>>> print(open('data-v8.txt').read())   # compact mmCIF, C-alpha atoms and all ligand atoms
# COMPACT_ATOMS: atom_id res chain seq x y z
CA MET L 1 62.46 158.32 23.26
CA THR L 2 61.29 161.90 23.86
CA SER L 3 63.14 164.03 26.37
CA ALA L 4 59.94 164.11 28.50
CA SER L 5 59.94 160.33 28.77
CA LEU L 6 63.72 160.28 29.42
CA LYS L 7 63.15 162.78 32.23
CA ASN L 8 60.30 160.72 33.62
CA ASP L 9 62.43 157.54 33.59
CA PHE L 10 65.23 159.47 35.29
CA ASN L 11 62.89 160.76 38.01
CA GLN L 12 61.30 157.35 38.59
CA ASP L 13 64.75 155.82 39.02
CA LEU L 14 65.71 158.67 41.37
CA LEU L 15 62.64 157.85 43.50
CA GLN L 16 63.65 154.18 43.56
CA PHE L 17 67.22 155.09 44.52
CA ILE L 18 66.02 157.17 47.47
CA ALA L 19 63.54 154.49 48.57
CA ALA L 20 66.37 151.92 48.53
CA SER L 21 68.55 154.24 50.64
CA PRO L 22 66.97 154.83 54.07
CA THR L 23 70.41 155.33 55.69
CA PRO L 24 73.93 156.36 54.53
CA PHE L 25 74.87 152.65 54.72
CA HIS L 26 72.08 151.71 52.35
CA ALA L 27 72.84 154.65 50.03
CA THR L 28 76.47 153.54 49.81
CA ASP L 29 75.42 149.94 49.25
CA GLU L 30 72.99 150.98 46.51
CA MET L 31 75.60 153.13 44.75
CA ALA L 32 78.14 150.29 45.02
CA ARG L 33 75.59 147.90 43.50
CA ARG L 34 74.89 150.26 40.60
CA LEU L 35 78.60 150.88 40.00
CA SER L 36 79.37 147.13 40.05
CA GLU L 37 76.53 146.51 37.59
CA ALA L 38 78.03 149.15 35.30
CA GLY L 39 81.40 147.36 35.36
CA PHE L 40 83.27 149.37 38.01
CA GLU L 41 85.77 147.33 40.01
CA ARG L 42 85.53 147.42 43.79
CA LEU L 43 88.76 148.33 45.60
CA TYR L 44 89.44 147.76 49.28
CA GLU L 45 91.54 150.25 51.20
CA SER L 46 93.34 147.38 52.94
CA ASP L 47 94.60 145.96 49.60
CA HIS L 48 97.53 146.95 47.43
CA TRP L 49 96.18 148.88 44.42
CA GLN L 50 97.28 148.67 40.81
CA LEU L 51 95.24 151.42 39.12
CA GLU L 52 95.37 151.08 35.36
CA VAL L 53 94.68 153.35 32.41
CA GLY L 54 91.09 152.83 31.32
CA GLY L 55 90.13 151.35 34.70
CA ARG L 56 86.91 152.23 36.51
CA TYR L 57 86.98 151.80 40.28
CA PHE L 58 85.11 152.48 43.48
CA VAL L 59 86.00 152.25 47.14
CA THR L 60 83.92 152.67 50.30
CA ARG L 61 84.83 153.70 53.83
CA ASN L 62 82.83 152.87 56.98
CA ASP L 63 80.20 151.38 54.62
CA SER L 64 78.74 154.91 54.53
CA SER L 65 80.98 156.94 52.19
CA ILE L 66 81.90 156.04 48.63
CA LEU L 67 84.35 157.29 46.01
CA ALA L 68 84.20 156.28 42.34
CA PHE L 69 86.92 157.03 39.81
CA VAL L 70 87.41 156.67 36.06
CA HIS L 71 91.06 156.54 35.01
CA ALA L 72 90.70 158.07 31.57
CA GLY L 73 94.25 157.54 30.39
CA GLU L 74 95.52 161.04 29.75
CA ALA L 75 98.43 162.40 31.77
CA PHE L 76 97.05 163.78 35.03
CA ALA L 77 99.04 166.98 35.31
CA GLU L 78 97.85 168.16 31.89
CA THR L 79 94.12 167.58 32.39
CA GLY L 80 93.51 167.45 36.14
CA ILE L 81 90.58 165.50 37.59
CA ARG L 82 86.90 166.41 37.30
CA MET L 83 85.36 165.86 40.73
CA VAL L 84 81.77 165.91 41.94
CA GLY L 85 81.03 165.75 45.67
CA ALA L 86 77.82 165.14 47.63
CA HIS L 87 76.80 163.65 50.99
CA THR L 88 75.03 160.44 51.91
CA ASP L 89 73.58 161.43 55.31
CA SER L 90 70.41 163.29 56.28
CA PRO L 91 69.05 164.49 59.63
CA CYS L 92 67.08 161.78 61.43
CA LEU L 93 66.33 160.07 64.73
CA LYS L 94 68.97 157.51 65.74
CA VAL L 95 68.30 154.65 68.13
CA LYS L 96 70.17 154.92 71.45
CA PRO L 97 72.34 151.99 72.65
CA GLN L 98 70.08 151.03 75.58
CA ALA L 99 66.95 151.63 73.56
CA ASP L 100 64.27 149.79 75.50
CA ILE L 101 61.89 152.11 77.32
CA LYS L 102 58.62 151.10 78.95
CA SER L 103 56.17 153.86 79.80
CA ALA L 104 52.42 153.84 80.57
CA GLY L 105 52.09 150.33 79.18
CA TYR L 106 53.95 151.00 75.92
CA HIS L 107 57.24 149.74 74.62
CA GLN L 108 59.20 152.71 73.27
CA LEU L 109 62.56 153.30 71.67
CA GLY L 110 65.07 155.79 73.02
CA VAL L 111 66.31 158.05 70.22
CA GLU L 112 68.86 160.79 69.71
CA VAL L 113 68.56 163.52 67.08
CA TYR L 114 71.15 163.29 64.28
CA GLY L 115 71.85 166.64 62.61
CA GLY L 116 69.54 169.62 62.30
CA ALA L 117 66.24 167.78 61.86
CA LEU L 118 62.95 169.69 61.57
CA LEU L 119 61.49 167.72 64.45
CA ASN L 120 57.84 168.72 64.09
CA THR L 121 57.69 166.80 60.80
CA TRP L 122 58.47 163.48 62.54
CA PHE L 123 55.13 163.32 64.33
CA ASP L 124 52.32 161.04 63.10
CA ARG L 125 54.42 159.32 60.45
CA ASP L 126 54.55 155.60 59.72
CA LEU L 127 58.16 155.01 60.71
CA SER L 128 60.47 152.11 60.06
CA ILE L 129 64.03 151.35 61.22
CA ALA L 130 67.19 150.65 59.21
CA GLY L 131 70.96 150.73 59.53
CA ARG L 132 74.02 148.63 60.30
CA VAL L 133 74.31 145.87 62.88
CA THR L 134 77.59 144.46 64.19
CA TYR L 135 77.38 140.92 65.52
CA LYS L 136 79.55 138.00 66.58
CA ASP L 137 79.78 135.51 63.73
CA ALA L 138 80.20 131.72 63.89
CA SER L 139 83.97 132.02 64.34
CA SER L 140 83.56 134.61 67.13
CA GLU L 141 84.71 137.49 64.97
CA PRO L 142 82.92 140.86 64.75
CA CYS L 143 80.98 141.12 61.52
CA SER L 144 78.59 143.77 60.20
CA CYS L 145 75.52 143.65 57.99
CA LEU L 146 72.72 145.99 56.97
CA VAL L 147 69.16 145.69 58.13
CA ASP L 148 65.92 147.33 57.07
CA PHE L 149 62.70 146.61 58.97
CA LYS L 150 60.81 147.92 55.87
CA ALA L 151 57.41 147.78 57.64
CA PRO L 152 56.03 150.76 59.59
CA VAL L 153 56.89 149.54 63.11
CA ALA L 154 57.05 152.83 65.01
CA VAL L 155 55.20 156.12 65.37
CA VAL L 156 55.60 159.37 67.30
CA PRO L 157 52.02 160.42 68.04
CA SER L 158 51.28 164.13 68.46
CA LEU L 159 49.79 165.37 71.68
CA ALA L 160 46.12 166.19 70.96
CA ILE L 161 45.30 169.89 70.74
CA HIS L 162 42.77 169.43 73.57
CA LEU L 163 45.69 168.71 75.89
CA ASP L 164 47.75 171.67 74.65
CA ARG L 165 45.60 174.59 73.51
CA GLU L 166 48.74 176.60 72.76
CA ALA L 167 49.98 174.01 70.26
CA ASN L 168 49.41 176.12 67.13
CA ARG L 169 50.91 179.20 68.70
CA ASN L 170 53.99 178.04 70.54
CA ARG L 171 54.50 174.31 70.82
CA SER L 172 58.16 173.52 71.17
CA ILE L 173 59.72 170.06 71.07
CA ASN L 174 61.92 168.62 73.77
CA PRO L 175 64.04 166.02 71.93
CA GLN L 176 64.51 163.92 75.07
CA GLN L 177 60.84 163.82 76.13
CA ASP L 178 58.52 164.53 73.23
CA ILE L 179 59.71 162.47 70.25
CA VAL L 180 60.22 159.03 71.78
CA PRO L 181 58.69 156.63 69.23
CA VAL L 182 56.09 154.07 70.33
CA LEU L 183 56.84 150.53 69.13
CA MET L 184 54.06 148.43 70.64
CA LEU L 185 52.08 147.61 73.73
CA ALA L 186 54.30 146.23 76.45
CA GLU L 187 53.04 142.89 77.65
CA SER L 188 53.48 142.52 81.39
CA GLY L 189 56.07 139.93 82.43
CA ASP L 190 57.23 139.44 78.82
CA ASP L 191 61.01 139.86 78.73
CA THR L 192 61.43 138.41 75.24
CA SER L 193 60.01 141.44 73.46
CA GLY L 194 63.06 143.65 73.94
CA PHE L 195 64.53 145.56 71.01
CA ALA L 196 67.49 143.15 70.62
CA GLN L 197 65.02 140.30 70.09
CA LEU L 198 63.06 142.33 67.53
CA LEU L 199 66.28 143.20 65.77
CA ALA L 200 67.38 139.55 65.62
CA GLU L 201 64.01 138.61 64.07
CA GLN L 202 64.37 141.36 61.47
CA LEU L 203 67.93 140.27 60.65
CA LYS L 204 66.56 136.83 59.90
CA GLN L 205 64.02 138.29 57.46
CA HIS L 206 65.68 141.40 56.02
CA GLY L 207 69.36 141.32 56.99
CA SER L 208 71.95 141.45 54.22
CA GLY L 209 73.84 138.46 55.72
CA THR L 210 72.74 134.88 55.22
CA ALA L 211 73.25 133.26 58.63
CA ALA L 212 70.66 133.63 61.38
CA ILE L 213 71.92 135.87 64.18
CA ALA L 214 70.76 135.26 67.75
CA ALA L 215 69.81 138.29 69.84
CA GLY L 216 72.71 137.44 72.18
CA ASP L 217 75.20 137.68 69.30
CA ILE L 218 74.32 141.27 68.43
CA LEU L 219 77.24 143.35 69.61
CA ASP L 220 76.05 146.81 68.61
CA PHE L 221 74.13 148.79 66.01
CA GLU L 222 73.71 152.16 64.27
CA LEU L 223 70.05 152.43 63.36
CA CYS L 224 67.91 155.31 62.12
CA LEU L 225 64.19 155.77 61.93
CA TYR L 226 62.77 156.70 58.56
CA ASP L 227 59.41 157.45 56.95
CA THR L 228 57.91 154.52 55.02
CA GLN L 229 55.86 156.80 52.75
CA ALA L 230 57.31 156.24 49.30
CA PRO L 231 58.86 159.15 47.37
CA ALA L 232 56.42 160.53 44.79
CA LEU L 233 55.92 163.03 42.00
CA VAL L 234 53.28 165.50 43.20
CA GLY L 235 51.62 168.74 42.03
CA VAL L 236 48.92 169.30 39.42
CA LYS L 237 51.41 168.69 36.61
CA ARG L 238 53.62 166.41 38.71
CA GLU L 239 56.11 169.24 38.77
CA PHE L 240 57.46 168.41 42.23
CA ILE L 241 59.37 165.54 43.81
CA ALA L 242 58.29 164.86 47.41
CA SER L 243 60.58 162.61 49.41
CA ALA L 244 62.70 162.13 52.48
CA ARG L 245 66.45 162.70 52.16
CA LEU L 246 66.38 164.76 48.94
CA ASP L 247 69.14 166.58 50.84
CA ASN L 248 71.36 165.07 49.68
CA LEU L 249 70.55 161.74 48.02
CA LEU L 250 69.23 163.70 45.05
CA SER L 251 72.75 165.03 44.42
CA CYS L 252 74.33 161.59 45.05
CA TYR L 253 72.01 160.15 42.41
CA VAL L 254 72.57 162.97 39.91
CA GLY L 255 76.36 162.72 40.34
CA LEU L 256 76.24 158.95 39.90
CA GLN L 257 74.08 159.11 36.77
CA ALA L 258 76.35 161.76 35.26
CA LEU L 259 79.42 159.63 35.99
CA LEU L 260 77.83 156.52 34.48
CA ALA L 261 76.75 158.44 31.36
CA ALA L 262 79.98 160.38 30.79
CA ASP L 263 82.52 159.48 28.19
CA GLY L 264 85.79 160.99 26.98
CA ASN L 265 89.35 161.67 28.04
CA GLN L 266 88.82 163.40 31.39
CA HIS L 267 89.67 161.71 34.66
CA ARG L 268 86.37 161.60 36.52
CA LEU L 269 85.71 161.23 40.23
CA LEU L 270 82.60 161.17 42.41
CA VAL L 271 82.84 161.28 46.20
CA CYS L 272 79.81 160.97 48.48
CA ASN L 273 80.67 161.44 52.16
CA ASP L 274 78.80 160.64 55.34
CA HIS L 275 78.52 162.99 58.36
CA GLU L 276 77.97 166.28 56.50
CA GLU L 277 74.96 167.05 58.69
CA VAL L 278 77.10 166.90 61.83
CA GLY L 279 80.12 168.84 60.60
CA SER L 280 81.96 166.28 58.41
CA ALA L 281 84.73 165.65 60.97
CA SER L 282 85.16 161.88 60.82
CA ALA L 283 87.34 159.27 59.11
CA CYS L 284 84.80 159.00 56.29
CA GLY L 285 83.53 162.61 56.36
CA ALA L 286 84.64 165.40 54.03
CA LYS L 287 86.81 166.85 56.80
CA GLY L 288 88.57 163.48 57.05
CA PRO L 289 91.33 162.19 54.77
CA MET L 290 89.32 159.87 52.46
CA LEU L 291 89.60 161.88 49.24
CA ASP L 292 93.12 163.11 49.96
CA GLN L 293 94.36 159.59 50.71
CA PHE L 294 92.79 158.30 47.49
CA LEU L 295 94.64 161.02 45.55
CA GLN L 296 97.89 160.13 47.34
CA ARG L 297 97.54 156.49 46.29
CA LEU L 298 96.58 157.47 42.75
CA LEU L 299 99.42 159.99 42.42
CA PRO L 300 102.17 159.17 44.94
CA ASP L 301 104.52 161.76 43.47
CA VAL L 302 103.86 164.99 45.39
CA SER L 303 104.77 167.29 42.55
CA GLU L 304 102.56 165.47 40.07
CA ARG L 305 99.69 165.49 42.58
CA MET L 306 100.04 169.23 43.18
CA ARG L 307 100.19 169.94 39.46
CA THR L 308 97.14 167.74 38.90
CA LEU L 309 95.19 169.51 41.65
CA ASP L 310 95.97 172.86 40.05
CA ARG L 311 94.19 171.66 36.90
CA SER L 312 91.34 170.01 38.80
CA ILE L 313 87.95 171.28 39.87
CA MET L 314 85.26 170.03 42.20
CA ILE L 315 81.54 170.64 41.89
CA SER L 316 80.07 170.24 45.37
CA ALA L 317 76.39 169.41 44.84
CA ASP L 318 74.02 169.95 47.75
CA ASN L 319 70.51 171.30 47.70
CA ALA L 320 69.75 175.04 47.88
CA HIS L 321 66.83 176.87 49.50
CA GLY L 322 64.12 177.75 46.99
CA ILE L 323 62.21 180.94 47.79
CA HIS L 324 59.08 179.88 49.74
CA PRO L 325 55.92 181.74 48.64
CA ASN L 326 54.73 182.03 52.26
CA PHE L 327 58.06 183.29 53.55
CA THR L 328 59.53 185.43 50.77
CA ALA L 329 61.11 187.81 53.29
CA LYS L 330 63.50 185.04 54.34
CA HIS L 331 65.38 185.48 51.05
CA ASP L 332 67.43 188.32 49.64
CA ALA L 333 65.03 189.96 47.16
CA GLN L 334 67.53 189.55 44.32
CA HIS L 335 68.39 185.94 45.07
CA GLY L 336 65.30 183.81 45.43
CA PRO L 337 65.80 180.56 43.48
CA VAL L 338 62.60 179.08 42.05
CA LEU L 339 61.89 175.37 41.75
CA ASN L 340 62.26 174.05 38.18
CA ALA L 341 64.16 177.14 37.08
CA GLY L 342 67.54 175.40 37.06
CA PRO L 343 70.41 174.57 39.41
CA VAL L 344 71.60 177.21 41.86
CA ILE L 345 75.12 178.58 42.33
CA LYS L 346 75.62 179.19 46.07
CA VAL L 347 77.76 182.15 47.04
CA ASN L 348 78.88 183.44 50.43
CA ALA L 349 81.41 186.21 51.03
CA ASN L 350 82.61 184.48 54.22
CA GLN L 351 83.51 181.17 52.55
CA ARG L 352 80.54 179.23 53.91
CA TYR L 353 80.39 178.24 50.25
CA ALA L 354 83.57 177.64 48.26
CA THR L 355 82.30 179.25 45.05
CA ASN L 356 84.52 181.88 43.45
CA SER L 357 84.18 183.78 40.19
CA GLU L 358 86.42 181.33 38.35
CA THR L 359 84.46 178.25 39.38
CA SER L 360 81.04 179.87 38.99
CA GLY L 361 82.06 181.23 35.60
CA MET L 362 83.00 177.70 34.55
CA PHE L 363 79.66 176.37 35.81
CA ARG L 364 77.69 179.11 34.02
CA LEU L 365 79.50 178.24 30.80
CA LEU L 366 78.62 174.55 31.19
CA CYS L 367 74.97 175.45 31.85
CA GLN L 368 74.92 177.66 28.74
CA GLU L 369 76.32 174.86 26.62
CA ALA L 370 73.93 172.30 28.11
CA GLY L 371 70.96 174.63 27.48
CA VAL L 372 70.15 174.72 31.21
CA ALA L 373 69.04 177.88 33.04
CA VAL L 374 71.07 178.70 36.14
CA GLN L 375 70.18 180.65 39.30
CA SER L 376 72.18 182.04 42.18
CA PHE L 377 71.71 182.13 45.94
CA VAL L 378 73.14 184.44 48.55
CA SER L 379 71.60 184.45 52.00
CA ARG L 380 70.19 187.68 53.44
CA SER L 381 73.01 189.80 54.85
CA ASP L 382 71.27 189.82 58.25
CA MET L 383 70.94 186.01 58.41
CA GLU L 384 73.40 183.20 59.08
CA CYS L 385 74.36 181.16 56.04
CA GLY L 386 74.40 177.35 55.97
CA SER L 387 77.37 175.41 54.68
CA THR L 388 78.24 172.10 53.04
CA ILE L 389 81.11 169.84 52.00
CA GLY L 390 82.36 172.32 49.36
CA PRO L 391 84.47 174.63 51.54
CA ILE L 392 85.57 171.69 53.72
CA THR L 393 86.80 169.58 50.79
CA SER L 394 88.40 172.61 49.19
CA ALA L 395 90.28 173.42 52.41
CA GLU L 396 91.32 169.79 52.99
CA VAL L 397 92.45 168.91 49.48
CA GLY L 398 93.26 172.32 47.99
CA VAL L 399 91.09 171.89 44.92
CA ARG L 400 89.17 174.82 43.40
CA THR L 401 85.51 174.25 44.14
CA ILE L 402 82.02 175.50 43.42
CA ASP L 403 78.94 174.91 45.56
CA ILE L 404 75.76 174.32 43.63
CA GLY L 405 72.49 172.44 44.11
CA VAL L 406 68.89 172.17 43.03
CA PRO L 407 66.41 174.45 44.80
CA THR L 408 64.22 172.75 47.39
CA PHE L 409 61.61 173.52 50.03
CA ALA L 410 61.45 172.15 53.56
CA MET L 411 65.13 171.26 53.86
CA HIS L 412 65.67 168.82 56.76
CA SER L 413 61.96 167.98 56.96
CA ILE L 414 61.06 164.29 56.94
CA ARG L 415 59.54 165.03 53.52
CA GLU L 416 61.29 167.62 51.38
CA LEU L 417 60.22 169.05 48.03
CA ALA L 418 62.24 169.63 44.84
CA GLY L 419 61.31 170.41 41.23
CA SER L 420 60.93 167.51 38.84
CA ASP L 421 62.91 169.31 36.07
CA ASP L 422 65.96 170.36 38.07
CA ALA L 423 67.65 167.04 38.88
CA PHE L 424 67.49 165.95 35.24
CA ALA L 425 68.83 169.34 34.09
CA LEU L 426 71.70 169.16 36.60
CA LYS L 427 72.59 165.67 35.39
CA HIS L 428 73.18 167.08 31.89
CA VAL L 429 75.43 169.83 33.26
CA LEU L 430 77.48 167.38 35.36
CA GLU L 431 77.78 164.96 32.46
CA LEU L 432 79.15 167.78 30.29
CA PHE L 433 81.50 168.75 33.14
CA TYR L 434 82.83 165.19 33.23
CA CYS L 435 83.40 165.16 29.44
CA ARG L 436 84.39 168.59 28.25
CA PRO L 437 88.03 169.68 28.11
CA LEU L 438 88.56 172.85 30.18
CA ARG L 439 91.63 175.03 30.40
CA LEU L 440 92.29 175.45 34.12
CA GLY L 441 95.28 176.69 36.11
CA GLN L 442 96.39 178.99 33.31
CA SER L 443 95.23 182.45 34.33
CA VAL L 444 96.40 185.26 32.10
ZN ZN L 501 72.90 168.83 52.46
>>> encode(input="data-v8.txt", output="structure tokens", more="lines below")
Ligand code: ZN
Amino acid sequence: MTSASLKNDFNQDLLQFIAASPTPFHATDEMARRLSEAGFERLYESDHWQLEVGGRYFVTRNDSSILAFVHAGEAFAETGIRMVGAHTDSPCLKVKPQADIKSAGYHQLGVEVYGGALLNTWFDRDLSIAGRVTYKDASSEPCSCLVDFKAPVAVVPSLAIHLDREANRNRSINPQQDIVPVLMLAESGDDTSGFAQLLAEQLKQHGSGTAAIAAGDILDFELCLYDTQAPALVGVKREFIASARLDNLLSCYVGLQALLAADGNQHRLLVCNDHEEVGSASACGAKGPMLDQFLQRLLPDVSERMRTLDRSIMISADNAHGIHPNFTAKHDAQHGPVLNAGPVIKVNANQRYATNSETSGMFRLLCQEAGVAVQSFVSRSDMECGSTIGPITSAEVGVRTIDIGVPTFAMHSIRELAGSDDAFALKHVLELFYCRPLRLGQSV
């Protein structure tokens, strides 16, 4: 197989992964499925664990965060653990608990904005609904399953320009009023067409459980709207990937593929957390104890754990801002990453990124050895810098960390754009990171 066809296969599978992952629950489920297929053993946090040399494991929390680990057999304190981190969530519209709204003869769905969504991109899209539903099962116990409506069942129509002549100059979006999706025409006197009834019908067709669930048995739900337009390779030479949730399912996929491909004597770990887009402070978020508690169970001896962490390193992978040809002034002139010119090292003097010279030096060395070009990003000194799970994980766990990611356009749009070379290139670098011995914690 040529490397062009390997890259194409990789990108096609990436597109399928994203399409199968409309919510963090589905992304976690899809990663768990792929890990199980590859022979990883599922652990449950409620069980007693017996982690063995040579074992390959994964564990989930809240059905929306996942951690995979390869116990490579070498003593931990000598080699440390190679970690890659990413996040499973993306900005979106979430369905409110009392979702049914009737207005002007239409049945609508109350929604709340999750994270820093670019709201104007949600208009005039063919939207569907997916997420987790908790219901009362046959033995009157609470039980959860995933659901995906799959079909385009909702739309947020724009207001016509004739009714707002200022639209192209200064239309703003009120998230309470202006982006309430339309589901269908409301039939007068019909009380059976409420959202709970629709949800019960969908659970019958597309739910992950087997038993039929009556509308009255639905206890609660966490549902997101998503765009049904399939991810695609676009551009004259198909040099771009256009898709929802590239931030950060692209990095989840790249980390997973690198983990599955890697071999050798290094302990390898991948953690993909939910709730990054809302600050990571949750039981399953990067500011929560998930990774730290895993390390405590893996290495109960405090001294051994501390020594292991001193030899460990985390690559936090989350997309970077590519320099936009229409808005070049938004970047520092010296630091404008270009799509398809390689992964980006993200640096911030105020620790919005966890990168330091030691970790970025290590990453540059890996890129050199993998034959992959590398770029760097620093935000303009007169602009606020974003952040990610890197500095949070580093502060929580105490592991040296680097923040990197592939350059993208339109971050937090309903359809983002990345380069079709960069994800594949990053996979090679992360695979090398997972395999290659590195001398860490021994400064001279
Ligand atoms: Zn992100």
>>> atom_distance(input="data-v8.txt", atom1="atom CA of L:Arg380", atom2="atom CA of L:Ala329")
9.1 Å
>>> residues_near_ligand(input="data-v8.txt", ligand="ligand ZN 501 (chain L)", cutoff="6 Å", atoms="all atoms listed in the file", output="list in words")
Asp247, Asn248, Asp318 and Asn319 of chain L
>>> atom_distance(input="data-v8.txt", atom1="atom CA of L:Val406", atom2="atom CA of L:Ala423")
6.7 Å
>>> residues_around(input="data-v8.txt", residues="L:Arg245", least_positions_apart="2", cutoff="9 Å", atoms="all atoms listed in the file", output="NGL selection string")
:L and (18 or 21-22 or 88-91 or 243 or 247-250 or 411-416)
>>> atom_distance(input="data-v8.txt", atom1="atom CA of L:Val180", atom2="atom CA of L:Ala230")
22.8 Å
>>> residues_around(input="data-v8.txt", residues="L:Val344", least_positions_apart="4", cutoff="7 Å", atoms="all atoms listed in the file", output="short mmCIF file (atom, residue, chain, number, x, y, z; two decimals) with C-alpha atoms, keeping the file's coordinate frame")
data_model
loop_
_atom_site.label_atom_id
_atom_site.label_comp_id
_atom_site.auth_asym_id
_atom_site.auth_seq_id
_atom_site.Cartn_x
_atom_site.Cartn_y
_atom_site.Cartn_z
CA ALA L 320 69.75 175.04 47.88
CA PRO L 337 65.80 180.56 43.48
CA VAL L 374 71.07 178.70 36.14
CA GLN L 375 70.18 180.65 39.30
CA SER L 376 72.18 182.04 42.18
CA PHE L 377 71.71 182.13 45.94
CA ILE L 404 75.76 174.32 43.63
CA GLY L 405 72.49 172.44 44.11
CA VAL L 406 68.89 172.17 43.03
CA PRO L 407 66.41 174.45 44.80
#
>>> closest_residue(input="data-v8.txt", among="L:Leu309, L:Ala354, L:Leu93, L:Cys367", to="L:Ser387", atoms="only C-alpha atoms")
L:Ala354
>>> residues_around(input="data-v8.txt", residues="stretch 273-290 of chain L", least_positions_apart="2", cutoff="8 Å", atoms="only C-alpha atoms", output="PyMOL selection string")
chain L and resi 24+61-62+64-66+85-91+114-116+271+292-294+388-389+392-393+396
>>> closest_residue(input="data-v8.txt", among="L:Ser312, L:Gln202, L:Gln50, L:Ser36", to="L:Tyr434", atoms="all atoms listed in the file")
L:Ser312
>>> residues_around(input="data-v8.txt", residues="L:His26", least_positions_apart="4", cutoff="9 Å", atoms="all atoms listed in the file", output="mmCIF file with C-alpha atoms, in the coordinates of the input")
data_model
loop_
_atom_site.group_PDB
_atom_site.id
_atom_site.type_symbol
_atom_site.label_atom_id
_atom_site.label_comp_id
_atom_site.auth_asym_id
_atom_site.auth_seq_id
_atom_site.Cartn_x
_atom_site.Cartn_y
_atom_site.Cartn_z
ATOM 1 C CA ALA L 20 66.370 151.920 48.530
ATOM 2 C CA SER L 21 68.550 154.240 50.640
ATOM 3 C CA PRO L 22 66.970 154.830 54.070
ATOM 4 C CA GLU L 30 72.990 150.980 46.510
ATOM 5 C CA MET L 31 75.600 153.130 44.750
ATOM 6 C CA ASP L 63 80.200 151.380 54.620
ATOM 7 C CA SER L 64 78.740 154.910 54.530
ATOM 8 C CA ALA L 130 67.190 150.650 59.210
ATOM 9 C CA GLY L 131 70.960 150.730 59.530
ATOM 10 C CA ARG L 132 74.020 148.630 60.300
ATOM 11 C CA LEU L 146 72.720 145.990 56.970
ATOM 12 C CA VAL L 147 69.160 145.690 58.130
ATOM 13 C CA ASP L 148 65.920 147.330 57.070
#
>>> residues_around(input="data-v8.txt", residues="L:Phe424", least_positions_apart="4", cutoff="12 Å", atoms="all atoms listed in the file", output="ChimeraX atom specification")
/L:3-14,241,250-251,253-255,257-258,340-343,370,372,406,418-420,428-431
>>> closest_residue(input="data-v8.txt", among="L:Ala232, L:Val156, L:Ala167, L:Ile81", to="L:Gln16", atoms="only C-alpha atoms")
L:Ala232
>>> closest_residue(input="data-v8.txt", among="L:Arg307, L:Arg352, L:Lys94, L:His267", to="L:Tyr226", atoms="only C-alpha atoms")
L:Lys94
>>> closest_residue(input="data-v8.txt", among="L:Thr228, L:Phe433, L:Lys346, L:Met83", to="L:Ala262", atoms="only C-alpha atoms")
L:Phe433
>>> residues_near_point(input="data-v8.txt", point="(76.5, 150.4, 68.7)", cutoff="8 Å", atoms="all atoms listed in the file", output="list in words")
Pro97, Val133, Thr134, Leu219, Asp220, Phe221 and Glu222 of chain L
>>> axis_aligned_box(input="data-v8.txt", around="stretch 265-282 of chain L", padding_each_side="8 Å", output="lines of an AutoDock Vina configuration file")
center_x = 82.3
center_y = 164.7
center_z = 44.9
size_x = 30.7
size_y = 24.2
size_z = 49.8
>>> closest_residue(input="data-v8.txt", among="L:Leu417, L:Ala138, L:Met383, L:Cys92", to="L:Val234", atoms="all atoms listed in the file")
L:Leu417
>>> build_atoms(input="data-v8.txt", residues="stretch 169-175 of chain L", atoms="N, CA, C and O atoms", output="PDB file, keeping the file's coordinate frame")
ATOM      1  N   ARG L 169      50.233 177.913  68.494  1.00  0.00           N
ATOM      2  CA  ARG L 169      50.910 179.200  68.700  1.00  0.00           C
ATOM      3  C   ARG L 169      52.367 178.993  69.113  1.00  0.00           C
ATOM      4  O   ARG L 169      53.265 179.606  68.577  1.00  0.00           O
ATOM      5  N   ASN L 170      52.595 178.129  70.049  1.00  0.00           N
ATOM      6  CA  ASN L 170      53.990 178.040  70.540  1.00  0.00           C
ATOM      7  C   ASN L 170      54.352 176.671  71.086  1.00  0.00           C
ATOM      8  O   ASN L 170      54.915 176.568  72.166  1.00  0.00           O
ATOM      9  N   ARG L 171      54.021 175.630  70.361  1.00  0.00           N
ATOM     10  CA  ARG L 171      54.500 174.310  70.820  1.00  0.00           C
ATOM     11  C   ARG L 171      55.990 174.174  70.474  1.00  0.00           C
ATOM     12  O   ARG L 171      56.392 174.383  69.335  1.00  0.00           O
ATOM     13  N   SER L 172      56.754 173.821  71.447  1.00  0.00           N
ATOM     14  CA  SER L 172      58.160 173.520  71.170  1.00  0.00           C
ATOM     15  C   SER L 172      58.366 172.023  71.425  1.00  0.00           C
ATOM     16  O   SER L 172      57.511 171.369  72.011  1.00  0.00           O
ATOM     17  N   ILE L 173      59.493 171.502  70.989  1.00  0.00           N
ATOM     18  CA  ILE L 173      59.720 170.060  71.070  1.00  0.00           C
ATOM     19  C   ILE L 173      60.960 169.782  71.896  1.00  0.00           C
ATOM     20  O   ILE L 173      62.055 170.246  71.546  1.00  0.00           O
ATOM     21  N   ASN L 174      60.772 169.055  72.980  1.00  0.00           N
ATOM     22  CA  ASN L 174      61.920 168.620  73.770  1.00  0.00           C
ATOM     23  C   ASN L 174      62.395 167.288  73.195  1.00  0.00           C
ATOM     24  O   ASN L 174      61.672 166.297  73.250  1.00  0.00           O
ATOM     25  N   PRO L 175      63.605 167.250  72.641  1.00  0.00           N
ATOM     26  CA  PRO L 175      64.040 166.020  71.930  1.00  0.00           C
ATOM     27  C   PRO L 175      64.230 164.818  72.863  1.00  0.00           C
ATOM     28  O   PRO L 175      64.250 163.684  72.388  1.00  0.00           O
TER      29      PRO L 175
END
